[in-house]
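Comments concern the structure below.
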Amino acid sequence: MSNLIQNLVILSVCWLFAAGGGIYATYFMQPDELERLEKAEQVARMKQAELASLMAEMGDSEGVANSVVTRWNARYKVVPRTLGSEEVIRFMNDHSEYGFEVFNVSFDELAETDDFNRYVFEVDGRGDFDALYELVWSIENDRQLFRIEELELDHSEVISDDPLTGGKRMDLMVSFTFELHAYFGGAVGLSASDSAEGAPQSLNFSATDMSTSLPNVPAHVLPAPRAASDPFTPLILENIPPNTKGLLDMAEATLVSIVGDRAVLIWEDEEFSVAIGDPVYLGQVISVDPREGKVIASLNKGGILERIELSMDLDQLYNQARGNVQLSPARNY
């Protein structure tokens with residue numbers, strides 16, 4: 001056999017081995033490896049997506065946590081770690097200097113729990129409605145955590161001398177009793193810091209008095225020093241205010257004449273001339289009708305609205321309308 005043929009045989013055998021190895025690797029070994037690599041890539045992508053989702057959730061959680069911490073640091077009500085009973089009594093005395101005839105504060109008990117401690121005081125007295133309302137408003141809206149429990153009221157009207165007008169005036173008085181709960185010594189994270197250095201003042205307690213560092217709260221979120229209305233003022237009074245100014249009492253007056261837009265009435269042997277808008281006892285005149293001979297007034301009798309209508313007698317109305325009228329004799333044509 002020639003060398004050429006031997007070389008061709010050897011090359012053919014080598015080519016068969018190479019082709020067979022390539023076919024085996026391509027059709028038998030590579031698919032399994034390719035599948036393994038694809039699965040590994042899919043797992044890596046899923047882990048990457050999960051990591052991105054966790055990072056986003058962590059960012060949201062940090063934002064929520066920071067918001068909660070900010071709100072907590074700027075909370076309106078605070079619970080001091082320490083608070084003396086004399087500080088509570090001094091607070092009550094400072095807010096009861098005016099408007100009270102009687103004001104008593106007595107210590108009842110010290111209640112201790114795992115979450116906080118509180119003083120309980122019994123408070124009773126008698127004073128003006130406005131003074132009591134200012135006291136309750138100050139207690140409920142102070143930075144220090146106070147609560148009023150078991151509030152009971154009994155109101156009455158008192159007629160006294162008015163030094164300004166020299167007449168009489170009616171004052172609304174109220175007798176009251178309630179429990180005052182003052183909280184302090186809260187659990188960890190609940191009480192304010194004991195450091196008072198640089199702490200802003202509360203609405204009623206100074207930082208030195210409370211020995212408490214109060215969070216800095218913007219002024220616009222704090223409650224107003226006074227409310228727009230006094231809910232303790234009764235809507236309907238048991239007694240009607242006295243007629244200290246001597247105004248015309250429409251309920252007891254008699255209408256005698258109407259001249260133009262003014263009406264003449266008699267009350268307690270005295271003549272009164274009134275027009276629309278003029279004040280009368282408990283109200284004002286709202287209508288003067290010369291044609292119908294009527295005068296109408298709107299009155300507020302201690303919270304009850306009432307209309308009083310006075311009319312002239314038909315004979316008086318006829319005589320007033322007739323006047324000095326003479327009939328001329330008929331003429332014959």
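All residue names refer to the structure tokens as shown: chains lettered A, B, ... in order, residues numbered from 1 in each chain, ligands numbered from 1 in order.
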Problem - strand (DSSP E) call set, DSSP backbone run, stretch 38-127 of chain A, as a PyMOL selection string - result: chain A and resi 100-112+117-127
Based on the selection just made, write C-alpha atoms of those residues as a short mmCIF file (atom, residue, chain, number, x, y, z; two decimals), in the first residue's frame.
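Final output, saved to part16.cif:
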```cif
data_model
loop_
_atom_site.label_atom_id
_atom_site.label_comp_id
_atom_site.auth_asym_id
_atom_site.auth_seq_id
_atom_site.Cartn_x
_atom_site.Cartn_y
_atom_site.Cartn_z
CA PHE A 100 -64.74 80.72 91.46
CA GLU A 101 -66.48 81.23 94.81
CA VAL A 102 -65.33 77.83 96.11
CA PHE A 103 -62.58 75.62 94.68
CA ASN A 104 -61.26 72.52 96.47
CA VAL A 105 -58.59 70.05 95.32
CA SER A 106 -57.90 66.94 97.41
CA PHE A 107 -55.50 64.07 96.73
CA ASP A 108 -57.25 60.72 96.36
CA GLU A 109 -54.72 58.05 95.34
CA LEU A 110 -51.57 57.12 93.46
CA ALA A 111 -52.23 54.31 90.97
CA GLU A 112 -49.18 52.41 89.68
CA ASN A 117 -48.48 55.85 86.95
CA ARG A 118 -51.18 58.42 87.66
CA TYR A 119 -52.34 60.71 90.41
CA VAL A 120 -56.08 60.91 91.11
CA PHE A 121 -57.47 64.12 92.61
CA GLU A 122 -61.01 64.97 93.69
CA VAL A 123 -62.02 68.48 92.58
CA ASP A 124 -65.21 70.32 93.56
CA GLY A 125 -66.34 73.91 93.75
CA ARG A 126 -68.71 76.62 92.55
CA GLY A 127 -68.10 79.37 90.03
#
```
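Nearest residue to A:Thr82 among A:Val259, A:Ser175, A:Gly186, A:Trp137 is A:Gly186, counting only C-alpha atoms.
Minimum distance to A:Leu282 across A:Asp154, A:Glu306, A:Glu97, A:Asp261 (counting only C-alpha atoms) occurs at A:Glu306.
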Handout entry: Residue contacts of A:Val295 (12 Å, only C-alpha atoms) excluding same-chain residues fewer than 3 positions away, as a ChimeraX atom specification
Key = /A:250-251,253-259,261-265,273-278,284-292,298,307-312
Handout entry: Best match for closeness to A:Lys245 among A:Glu268, A:Val280, A:Ala19, A:Glu35, counting only C-alpha atoms
Key = A:Val280
Exercise for the section: May I ask which of the residues A:Met173, A:Leu132, A:Ile304, A:Val78 is the closest one to A:Gln144, counting only C-alpha atoms? Expected result: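 Checking each of A:Met173, A:Leu132, A:Ile304, A:Val78 against A:Gln144, counting only C-alpha atoms, the winner is A:Val78.
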Exercise for the section: Work out how far atom CA of A:Tyr133 is from atom CA of A:Ile236, in Å to one decimal. Expected result: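 These two atoms are separated by 17.9 Å.
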Handout entry: Å distance separating atom CA of A:Leu83 from atom CA of A:Val136, one decimal place
Key = 20.3 Å
Exercise for the section: Identify, on the basis of only C-alpha atoms, every residue whose closest approach to A:Gly302 does not exceed 9 Å; exclude the query and any residue fewer than 4 positions from it along the same chain; express the result as a VMD selection string. Expected result: chain A and resid 235 to 241 282
